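Below is protein_23.tsv, holding TSV, C-alpha atoms and all ligand atoms.
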chain	number	residue	atom	x	y	z
A	484	MET	CA	10.56	8.86	-0.75
A	485	ALA	CA	7.30	6.94	-1.10
A	486	LYS	CA	4.11	8.43	0.33
A	487	ILE	CA	1.64	6.16	2.10
A	488	VAL	CA	-1.83	6.64	0.60
A	489	LYS	CA	-3.70	3.84	2.35
A	490	LYS	CA	-3.22	1.88	5.56
A	491	GLU	CA	-5.45	-0.93	6.74
A	492	PRO	CA	-4.94	-3.50	9.50
A	493	LEU	CA	-5.83	-6.97	8.13
A	494	ASN	CA	-5.52	-8.66	11.51
A	495	PRO	CA	-3.94	-7.67	14.87
A	496	SER	CA	-0.39	-8.21	13.55
A	497	VAL	CA	-0.65	-7.75	9.77
A	498	THR	CA	-0.98	-4.40	7.99
A	499	LEU	CA	-1.67	-3.51	4.36
A	500	MET	CA	-0.17	-0.30	2.98
A	501	GLU	CA	-0.61	1.27	-0.43
A	502	VAL	CA	2.36	3.44	-1.33
A	503	GLU	CA	3.02	5.89	-4.15
A	504	ALA	CA	5.73	4.35	-6.35
A	505	PRO	CA	4.79	4.94	-10.01
A	506	GLU	CA	7.95	3.50	-11.62
A	507	ILE	CA	7.75	0.29	-9.58
A	508	SER	CA	4.03	-0.12	-10.20
A	509	LYS	CA	4.59	0.02	-13.97
A	510	ARG	CA	7.26	-2.67	-14.02
A	511	ALA	CA	6.52	-5.08	-11.14
A	512	ARG	CA	5.52	-8.68	-11.81
A	513	ALA	CA	4.25	-11.43	-9.50
A	514	GLY	CA	6.99	-12.78	-7.22
A	515	GLN	CA	9.07	-9.59	-7.09
A	516	PHE	CA	9.77	-7.51	-3.99
A	517	VAL	CA	10.90	-4.11	-2.76
A	518	VAL	CA	13.60	-3.25	-0.25
A	519	LEU	CA	12.63	-0.38	2.02
A	520	ARG	CA	14.17	1.74	4.76
A	521	VAL	CA	11.89	3.60	7.13
A	522	ASP	CA	14.31	6.29	8.35
A	523	ASP	CA	17.93	7.49	8.28
A	524	HIS	CA	19.06	5.08	11.01
A	525	GLY	CA	16.96	2.20	9.76
A	526	GLU	CA	17.93	-1.19	8.35
A	527	ARG	CA	16.75	-2.32	4.91
A	528	ILE	CA	14.05	-5.00	4.79
A	529	PRO	CA	12.51	-6.85	1.84
A	530	LEU	CA	8.73	-7.03	1.37
A	531	THR	CA	6.87	-8.67	-1.49
A	532	ILE	CA	4.89	-6.54	-3.91
A	533	ALA	CA	1.40	-7.77	-3.05
A	534	GLY	CA	-0.30	-5.72	-5.76
A	535	THR	CA	0.07	-2.73	-8.05
A	536	ASP	CA	-2.19	-0.11	-9.57
A	537	ALA	CA	-0.32	1.32	-12.56
A	538	GLN	CA	-3.02	3.97	-13.16
A	539	LYS	CA	-2.78	5.32	-9.62
A	540	GLY	CA	0.98	4.66	-9.60
A	541	THR	CA	0.79	2.70	-6.35
A	542	VAL	CA	2.26	-0.48	-4.90
A	543	THR	CA	0.63	-2.53	-2.14
A	544	ILE	CA	2.69	-4.20	0.59
A	545	ILE	CA	1.35	-6.48	3.32
A	546	PHE	CA	3.58	-7.03	6.31
A	547	GLN	CA	3.56	-8.88	9.59
A	548	ILE	CA	4.72	-6.83	12.56
A	549	VAL	CA	7.52	-9.05	13.89
A	550	GLY	CA	10.34	-6.77	14.97
A	551	LEU	CA	11.99	-3.37	14.92
A	552	THR	CA	11.54	-2.28	11.31
A	553	THR	CA	8.05	-3.66	10.77
A	554	ASN	CA	7.07	-1.98	14.07
A	555	LYS	CA	8.52	1.34	12.89
A	556	LEU	CA	6.78	0.95	9.51
A	557	ASN	CA	3.48	0.24	11.22
A	558	ARG	CA	3.78	3.50	13.17
A	559	LEU	CA	3.66	5.52	9.94
A	560	GLU	CA	0.22	6.80	8.99
A	561	VAL	CA	-1.40	7.85	5.70
A	562	GLY	CA	0.42	10.91	4.33
A	563	ALA	CA	3.78	9.95	5.86
A	564	GLU	CA	6.70	8.97	3.61
A	565	ILE	CA	8.92	5.90	3.60
A	566	LEU	CA	12.50	7.12	3.15
A	567	ASP	CA	13.71	4.50	0.62
A	568	PHE	CA	11.49	2.20	-1.42
A	569	VAL	CA	13.47	0.34	-4.07
A	570	GLY	CA	12.25	-2.18	-6.64
A	571	PRO	CA	11.05	-4.22	-8.32
A	572	LEU	CA	13.78	-6.65	-7.23
A	573	GLY	CA	14.24	-10.39	-7.74
A	574	LYS	CA	13.13	-12.59	-10.59
A	575	PRO	CA	9.41	-12.77	-11.34
A	576	THR	CA	7.74	-16.13	-10.66
A	577	GLN	CA	7.67	-18.32	-13.79
A	578	ILE	CA	4.06	-19.36	-14.40
A	579	SER	CA	3.60	-19.52	-18.15
A	580	GLY	CA	2.17	-22.70	-19.66
A	581	LEU	CA	0.81	-24.14	-16.41
A	582	LYS	CA	-2.61	-25.77	-16.79
A	583	ARG	CA	-3.13	-26.79	-13.18
A	584	ALA	CA	-1.25	-25.54	-10.14
A	585	CYS	CA	-1.52	-25.66	-6.38
A	586	VAL	CA	-0.59	-22.72	-4.17
A	587	VAL	CA	0.18	-23.65	-0.55
A	588	ALA	CA	0.73	-20.84	1.94
A	589	GLY	CA	1.27	-20.43	5.64
A	590	GLY	CA	0.90	-17.32	7.82
A	591	VAL	CA	2.18	-14.16	6.18
A	592	GLY	CA	3.28	-16.30	3.21
A	593	THR	CA	-0.37	-15.80	2.30
A	594	ALA	CA	0.38	-12.19	1.36
A	595	ILE	CA	3.45	-13.23	-0.60
A	596	CYS	CA	1.57	-15.87	-2.59
A	597	TYR	CA	-1.51	-13.76	-3.37
A	598	PRO	CA	-0.04	-12.03	-6.47
A	599	ILE	CA	1.15	-15.43	-7.75
A	600	ALA	CA	-2.25	-17.08	-7.27
A	601	LYS	CA	-3.88	-14.07	-8.93
A	602	ALA	CA	-1.50	-14.14	-11.93
A	603	LEU	CA	-2.12	-17.89	-12.35
A	604	HIS	CA	-5.87	-17.35	-12.27
A	605	GLN	CA	-5.66	-14.44	-14.74
A	606	GLN	CA	-3.75	-16.53	-17.29
A	607	GLY	CA	-6.40	-19.29	-17.05
A	608	THR	CA	-4.52	-21.82	-14.89
A	609	GLU	CA	-6.81	-23.95	-12.71
A	610	VAL	CA	-5.56	-23.22	-9.18
A	611	ASP	CA	-6.11	-25.08	-5.95
A	612	ILE	CA	-5.26	-22.98	-2.89
A	613	ILE	CA	-4.40	-24.30	0.56
A	614	ILE	CA	-3.78	-21.78	3.32
A	615	GLY	CA	-2.87	-22.36	6.94
A	616	PHE	CA	-3.06	-20.03	9.96
A	617	ARG	CA	-2.64	-20.52	13.68
A	618	ASN	CA	-6.25	-19.48	14.34
A	619	LYS	CA	-9.32	-17.83	12.81
A	620	GLU	CA	-8.40	-14.35	14.07
A	621	LEU	CA	-5.26	-14.32	11.93
A	622	ILE	CA	-6.88	-15.18	8.58
A	623	ILE	CA	-6.30	-12.56	5.88
A	624	LEU	CA	-7.39	-12.13	2.25
A	625	GLU	CA	-10.04	-14.87	2.44
A	626	LYS	CA	-12.47	-13.16	0.06
A	627	GLU	CA	-9.66	-12.41	-2.40
A	628	PHE	CA	-8.45	-16.03	-2.49
A	629	ARG	CA	-11.95	-17.49	-2.77
A	630	SER	CA	-12.53	-15.28	-5.83
A	631	LEU	CA	-9.54	-16.96	-7.52
A	632	SER	CA	-10.55	-20.59	-6.94
A	633	GLN	CA	-13.52	-22.70	-5.92
A	634	HIS	CA	-10.99	-25.04	-4.40
A	635	THR	CA	-9.70	-22.87	-1.59
A	636	TYR	CA	-9.00	-24.73	1.65
A	637	PHE	CA	-8.23	-23.15	5.01
A	638	THR	CA	-6.57	-24.94	7.90
A	639	THR	CA	-6.05	-23.67	11.44
A	640	ASP	CA	-3.72	-25.13	14.08
A	641	ASP	CA	-6.46	-24.93	16.74
A	642	GLY	CA	-9.45	-25.86	14.54
A	643	SER	CA	-11.13	-22.46	15.06
A	644	TYR	CA	-11.87	-22.18	11.32
A	645	GLU	CA	-12.54	-24.82	8.68
A	646	ARG	CA	-10.19	-27.69	9.09
A	647	LYS	CA	-7.95	-28.35	12.11
A	648	GLY	CA	-4.48	-29.37	11.04
A	649	LEU	CA	-1.67	-28.59	8.67
A	650	VAL	CA	-1.61	-27.53	5.02
A	651	THR	CA	0.43	-30.63	4.17
A	652	GLU	CA	-2.47	-32.87	5.29
A	653	VAL	CA	-4.85	-31.27	2.78
A	654	LEU	CA	-2.24	-31.40	0.03
A	655	LYS	CA	-1.59	-35.09	0.74
A	656	GLU	CA	-5.31	-35.86	0.52
A	657	LEU	CA	-5.59	-34.10	-2.85
A	658	LEU	CA	-2.54	-35.95	-4.17
A	659	ASP	CA	-3.89	-39.25	-2.81
A	660	GLN	CA	-7.15	-38.60	-4.70
A	661	GLY	CA	-5.00	-38.71	-7.84
A	662	ILE	CA	-4.93	-34.97	-8.56
A	663	ARG	CA	-1.72	-33.98	-10.33
A	664	TYR	CA	-0.32	-30.47	-10.72
A	665	ASP	CA	2.06	-29.03	-13.28
A	666	GLU	CA	3.57	-27.16	-10.36
A	667	VAL	CA	3.09	-26.66	-6.63
A	668	PHE	CA	4.07	-23.28	-5.14
A	669	ALA	CA	4.83	-23.32	-1.41
A	670	ILE	CA	5.28	-20.01	0.38
A	671	GLY	CA	5.56	-19.40	4.10
A	672	PRO	CA	7.73	-20.28	7.10
A	673	LEU	CA	10.88	-22.26	6.19
A	674	PRO	CA	9.80	-25.45	8.04
A	675	MET	CA	6.47	-25.41	6.16
A	676	MET	CA	8.20	-25.11	2.78
A	677	LYS	CA	10.57	-27.90	3.78
A	678	TYR	CA	7.73	-30.28	4.69
A	679	VAL	CA	5.66	-29.43	1.60
A	680	SER	CA	8.72	-30.21	-0.54
A	681	LEU	CA	9.39	-33.50	1.27
A	682	LEU	CA	5.77	-34.50	0.58
A	683	THR	CA	5.59	-33.42	-3.07
A	684	LYS	CA	8.89	-35.14	-3.82
A	685	LYS	CA	7.24	-38.49	-2.99
A	686	TYR	CA	4.56	-37.75	-5.59
A	687	ASP	CA	7.04	-36.39	-8.14
A	688	GLN	CA	5.28	-33.00	-8.17
A	689	LYS	CA	7.49	-30.13	-9.29
A	690	THR	CA	7.64	-27.66	-6.39
A	691	THR	CA	8.78	-24.05	-6.23
A	692	VAL	CA	9.42	-22.31	-2.93
A	693	SER	CA	9.87	-18.58	-2.26
A	694	MET	CA	12.87	-18.16	0.02
A	695	ASN	CA	12.89	-15.42	2.67
A	696	PRO	CA	16.42	-15.04	4.07
A	697	ILE	CA	17.62	-11.86	5.74
A	698	MET	CA	18.49	-9.36	3.01
A	699	ILE	CA	20.39	-6.07	3.04
A	700	ASP	CA	21.01	-4.53	-0.38
A	701	GLY	CA	18.77	-6.83	-2.44
A	702	THR	CA	21.09	-6.53	-5.43
A	703	GLY	CA	23.57	-9.39	-5.03
A	704	MET	CA	26.39	-7.39	-3.45
A	705	CYS	CA	26.38	-8.07	0.31
A	706	GLY	CA	26.04	-11.87	0.25
A	707	CYS	CA	23.73	-11.80	3.26
A	708	CYS	CA	20.91	-13.70	1.55
A	709	ARG	CA	23.03	-16.63	0.44
A	710	LEU	CA	21.53	-20.12	0.35
A	711	THR	CA	22.81	-23.52	-0.62
A	712	VAL	CA	20.85	-24.82	-3.60
A	713	ASN	CA	21.88	-28.17	-5.09
A	714	GLY	CA	25.16	-27.82	-3.20
A	715	LYS	CA	25.93	-24.45	-4.80
A	716	THR	CA	25.79	-20.96	-3.28
A	717	LYS	CA	22.97	-18.80	-4.61
A	718	PHE	CA	21.79	-15.33	-3.66
A	719	ALA	CA	18.04	-15.20	-3.03
A	720	CYS	CA	17.78	-11.55	-4.03
A	721	VAL	CA	19.11	-11.94	-7.58
A	722	ASP	CA	18.90	-15.69	-8.29
A	723	GLY	CA	15.48	-15.97	-6.59
A	724	PRO	CA	13.51	-15.57	-4.41
A	725	ASP	CA	11.96	-18.63	-6.15
A	726	PHE	CA	13.91	-21.90	-6.13
A	727	ASP	CA	13.38	-25.60	-6.77
A	728	GLY	CA	11.91	-26.82	-3.47
A	729	PHE	CA	13.84	-30.12	-3.70
A	730	ALA	CA	17.23	-28.43	-4.00
A	731	ILE	CA	17.35	-26.20	-0.92
A	732	ASP	CA	19.40	-26.84	2.23
A	733	TYR	CA	16.54	-25.87	4.57
A	734	ASP	CA	18.37	-26.55	7.83
A	735	GLU	CA	21.14	-24.12	6.89
A	736	ALA	CA	18.55	-21.52	5.78
A	737	ILE	CA	16.66	-21.88	9.08
A	738	ALA	CA	19.89	-21.41	11.08
A	739	ARG	CA	20.90	-18.34	9.02
A	740	VAL	CA	17.53	-16.57	9.43
A	741	ARG	CA	17.90	-16.88	13.21
A	742	MET	CA	21.45	-15.50	13.17
A	743	TYR	CA	20.63	-12.06	14.61
A	744	GLN	CA	17.61	-13.09	16.70
A	745	ASN	CA	19.01	-11.76	20.03
A	746	GLU	CA	20.13	-8.41	18.57
A	747	GLU	CA	16.78	-8.07	16.75
A	748	ARG	CA	14.87	-8.73	19.97
A	749	GLU	CA	16.95	-6.22	21.95
A	750	ALA	CA	16.56	-3.48	19.29
A	751	ASN	CA	12.79	-3.98	19.23
A	752	CYS	CA	12.58	-3.87	23.05
A	753	ARG	CA	14.52	-0.56	23.02
A	754	LEU	CA	11.99	0.92	20.57
A	755	VAL	CA	8.99	-0.27	22.59
A	756	ASN	CA	10.50	0.92	25.93
A	757	LYS	CA	11.43	4.33	24.45
A	758	ASN	CA	7.80	4.92	23.51
A	759	GLU	CA	6.23	3.71	26.74
E	1	LIG	C1	12.06	-11.66	-0.66
E	1	LIG	C2	11.35	-11.51	0.67
E	1	LIG	C3	10.04	-11.09	0.69
E	1	LIG	C4	9.37	-10.91	1.90
E	1	LIG	N1	8.08	-10.51	1.88
E	1	LIG	C5	7.43	-10.30	3.03
E	1	LIG	C6	6.07	-9.83	3.00
E	1	LIG	O1	5.48	-9.58	1.95
E	1	LIG	N2	5.46	-9.64	4.20
E	1	LIG	C7	6.10	-9.89	5.40
E	1	LIG	O2	5.50	-9.70	6.44
E	1	LIG	N3	7.37	-10.32	5.44
E	1	LIG	C8	8.05	-10.54	4.28
E	1	LIG	N4	9.36	-10.94	4.33
E	1	LIG	C9	10.02	-11.08	5.66
E	1	LIG	C10	10.40	-9.68	6.17
E	1	LIG	O3	11.44	-9.15	5.37
E	1	LIG	C11	10.88	-9.77	7.63
E	1	LIG	O4	9.79	-10.15	8.44
E	1	LIG	C12	11.40	-8.43	8.13
E	1	LIG	O5	12.67	-8.20	7.55
E	1	LIG	C13	11.52	-8.40	9.64
E	1	LIG	O6	12.14	-7.18	10.03
E	1	LIG	P1	11.96	-6.60	11.50
E	1	LIG	O7	13.09	-5.65	11.74
E	1	LIG	O8	10.59	-6.09	11.70
E	1	LIG	O9	12.08	-7.87	12.39
E	1	LIG	P2	13.45	-8.52	12.96
E	1	LIG	O10	13.66	-7.93	14.29
E	1	LIG	O11	14.54	-8.38	11.93
E	1	LIG	O12	13.00	-10.01	13.09
E	1	LIG	C14	11.96	-10.41	13.98
E	1	LIG	C15	11.83	-11.89	13.91
E	1	LIG	O13	11.51	-12.33	12.58
E	1	LIG	C16	12.52	-13.22	12.09
E	1	LIG	N5	12.85	-12.85	10.72
E	1	LIG	C17	13.59	-11.81	10.32
E	1	LIG	N6	13.69	-11.78	8.97
E	1	LIG	C18	13.00	-12.84	8.54
E	1	LIG	C19	12.72	-13.38	7.29
E	1	LIG	N7	13.20	-12.82	6.17
E	1	LIG	N8	11.95	-14.48	7.21
E	1	LIG	C20	11.48	-15.07	8.31
E	1	LIG	N9	11.71	-14.61	9.55
E	1	LIG	C21	12.45	-13.53	9.66
E	1	LIG	C22	13.74	-13.01	12.98
E	1	LIG	O14	14.51	-14.20	13.13
E	1	LIG	C23	13.13	-12.61	14.29
E	1	LIG	O15	12.78	-13.71	15.07
E	1	LIG	C24	10.05	-11.16	3.14
E	1	LIG	C25	11.38	-11.59	3.12
E	1	LIG	C26	12.03	-11.75	1.91
E	1	LIG	C27	13.46	-12.19	1.88
E	2	LIG	S1	20.66	-9.15	-0.09
E	2	LIG	FE1	22.74	-8.72	-0.42
E	2	LIG	S2	23.35	-10.25	-1.80
E	2	LIG	FE2	21.24	-10.58	-1.57
Show the structure stored in the file as structure tokens.
Ligand SMILES: Cc1cc2nc3c(=O)[nH]c(=O)nc-3n(C[C@H](O)[C@H](O)[C@H](O)COP(=O)(O)OP(=O)(O)OC[C@H]3O[C@@H](n4cnc5c(N)ncnc54)[C@H](O)[C@@H]3O)c2cc1C
Ligand code: FES
Amino acid sequence: MAKIVKKEPLNPSVTLMEVEAPEISKRARAGQFVVLRVDDHGERIPLTIAGTDAQKGTVTIIFQIVGLTTNKLNRLEVGAEILDFVGPLGKPTQISGLKRACVVAGGVGTAICYPIAKALHQQGTEVDIIIGFRNKELIILEKEFRSLSQHTYFTTDDGSYERKGLVTEVLKELLDQGIRYDEVFAIGPLPMMKYVSLLTKKYDQKTTVSMNPIMIDGTGMCGCCRLTVNGKTKFACVDGPDFDGFAIDYDEAIARVRMYQNEEREANCRLVNKNE
């Protein structure tokens, strides 16, 4: 059981929660995640550890309300308990020795990449940050990212904030100016990570992506999170979630994440209808 000690909406569809989990908060490192279950009948879902406070013994998660479980989670208030909260899982992101890096994020990938950008900044890496949202209303963590880098760029699909366009356009401009990175980290929707990797490959810029397949146990046993990486099967929960961006079969990963779309939609409709 993990008690919720803070809950804050960051935008209409993204919520931050701080949860009591002292053992996880002591051990977690950037790039790792938890698997949680809201109630007895609930499915397990993975969420990135967005921050920790080892003194308070808490872990912060930031989640987008997209379906049944994130909806159920968002209905819990401060003082309520999450039934299962397991972690830290996955391999931490490898950042040591990097002098200059670029973090590229899209949508809720912003929450996933925040601990990585922060860890890079804390170890003295010069970080450029490029973040894309559909519109201004959806932007989260702006102040936090700007405190990590003077080179923080925002793009919006509709031009309602800063630059209209895609994150790949800003990254291309920086690369065309001759800027070179020891590593580019791309985190967000699968198509975004695919197109960042296609771009950076042309410039021979090492690129790491954080894969987000459907997961169940998070410990390498169910096989649900499998991906094809360099032609070999890998499990995102134990071999990742970070992988070489040039080695992923993105089209297969995109098809697999949509596998249960109809069932997921129906289950969420049942929850919404039940409460109307
Ligand atoms: C290692 C890892 C870390 C993650 N960290 C975060 C995080 O910090 N914050 C966050 O908001 N989300 C994160 N996710 C995604 C999150 O797990 C899913 O959004 C969640 O499982 C959806 O559950 P649901 O029942 O609410 O929605 P569902 O009803 O299961 O799905 C709703 C819609 O979202 C799509 N979807 C489901 N799972 C995923 C997925 N893994 N990636 C992309 N689309 C998906 C479905 O195809 C469907 O269209 C992470 C995923 C992984 C694998
Ligand atoms: S989630 Fe089951 S093997 Fe990765």
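For the atom pair formed by CA of Leu649 in chain A and atom C7 of ligand LIG 1 (chain E), the distance is 20.5 Å, given to one decimal.
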Grab all the atoms of ligand LIG 1 (chain E) that the file lists, wrap them in a box along x, y and z, add 5 Å per side, and give me centre plus edge lengths in Å (one decimal) as AutoDock Vina command-line options.
--center_x 10.0 --center_y -10.4 --center_z 7.2 --size_x 19.1 --size_y 19.4 --size_z 25.7
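Separating CA of Pro674 in chain A from CA of Gly589 in chain A is a distance of 10.2 Å.
Here CA of Asp522 in chain A stands at a distance of 28.8 Å from CA of Leu673 in chain A.
Counting only C-alpha atoms and all ligand atoms, the residue from A:Leu658, A:Val497, A:Ile487, A:Met675 that sits nearest to ligand LIG 1 (chain E) is A:Val497.
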Grab me every residue within 12 Å of ligand LIG 2 (chain E), counting all atoms listed in the file, and send it over as number ranges by chain. A: 516-518, 526-529, 572-573, 694-710, 716-724
Give as a ChimeraX atom specification the residues surrounding ligand LIG 1 (chain E) up to a distance of 7 Å, considering all atoms listed in the file. /A:516,528-533,544-554,591,594-595,672,694-698,720,724,740-741,743-744,747-748,751
Please build the interface table for range 645-700 of chain A against range 631-635 of chain A with a cut-off of 12 Å, listing for each qualifying residue the nearest atom pair and the distance in Å to one decimal; count only C-alpha atoms, order rows by chain and increasing number, and write it as a tab-separated table.
residue	atom	partner	partner_atom	distance
A:Glu645	CA	A:Thr635	CA	10.8
A:Arg646	CA	A:Thr635	CA	11.7
A:Val650	CA	A:Thr635	CA	11.4
A:Val653	CA	A:Thr635	CA	10.6
A:Leu654	CA	A:Thr635	CA	11.4
A:Leu657	CA	A:His634	CA	10.7
Export of prior selection with C-alpha atoms as a short mmCIF file (atom, residue, chain, number, x, y, z; two decimals), in the coordinates of the input:
data_model
loop_
_atom_site.label_atom_id
_atom_site.label_comp_id
_atom_site.auth_asym_id
_atom_site.auth_seq_id
_atom_site.Cartn_x
_atom_site.Cartn_y
_atom_site.Cartn_z
CA GLU A 645 -12.54 -24.82 8.68
CA ARG A 646 -10.19 -27.69 9.09
CA VAL A 650 -1.61 -27.53 5.02
CA VAL A 653 -4.85 -31.27 2.78
CA LEU A 654 -2.24 -31.40 0.03
CA LEU A 657 -5.59 -34.10 -2.85
#
Considering all atoms listed in the file, can you say which of A:Lys582, A:Lys490, A:Lys601, A:Arg512 comes closest to Ala563 in chain A? A:Lys490
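Between Lys486 in chain A and the candidates A:Thr541, A:Ile614, A:Gln515, A:Gly525, the tightest atom-to-atom separation, counting only C-alpha atoms, involves A:Thr541.
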Please provide the set of residues having any atom within 9 Å of Asp734 in chain A, restricted to only C-alpha atoms, with same-chain residues fewer than 2 positions apart removed, written as a ChimeraX atom specification. /A:673-674,677,731-732,736-739
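If all atoms listed in the file are the atoms counted, then among A:Gln605, A:Val610, A:Asn494, A:Leu519 the closest residue to Leu624 in chain A is A:Asn494.
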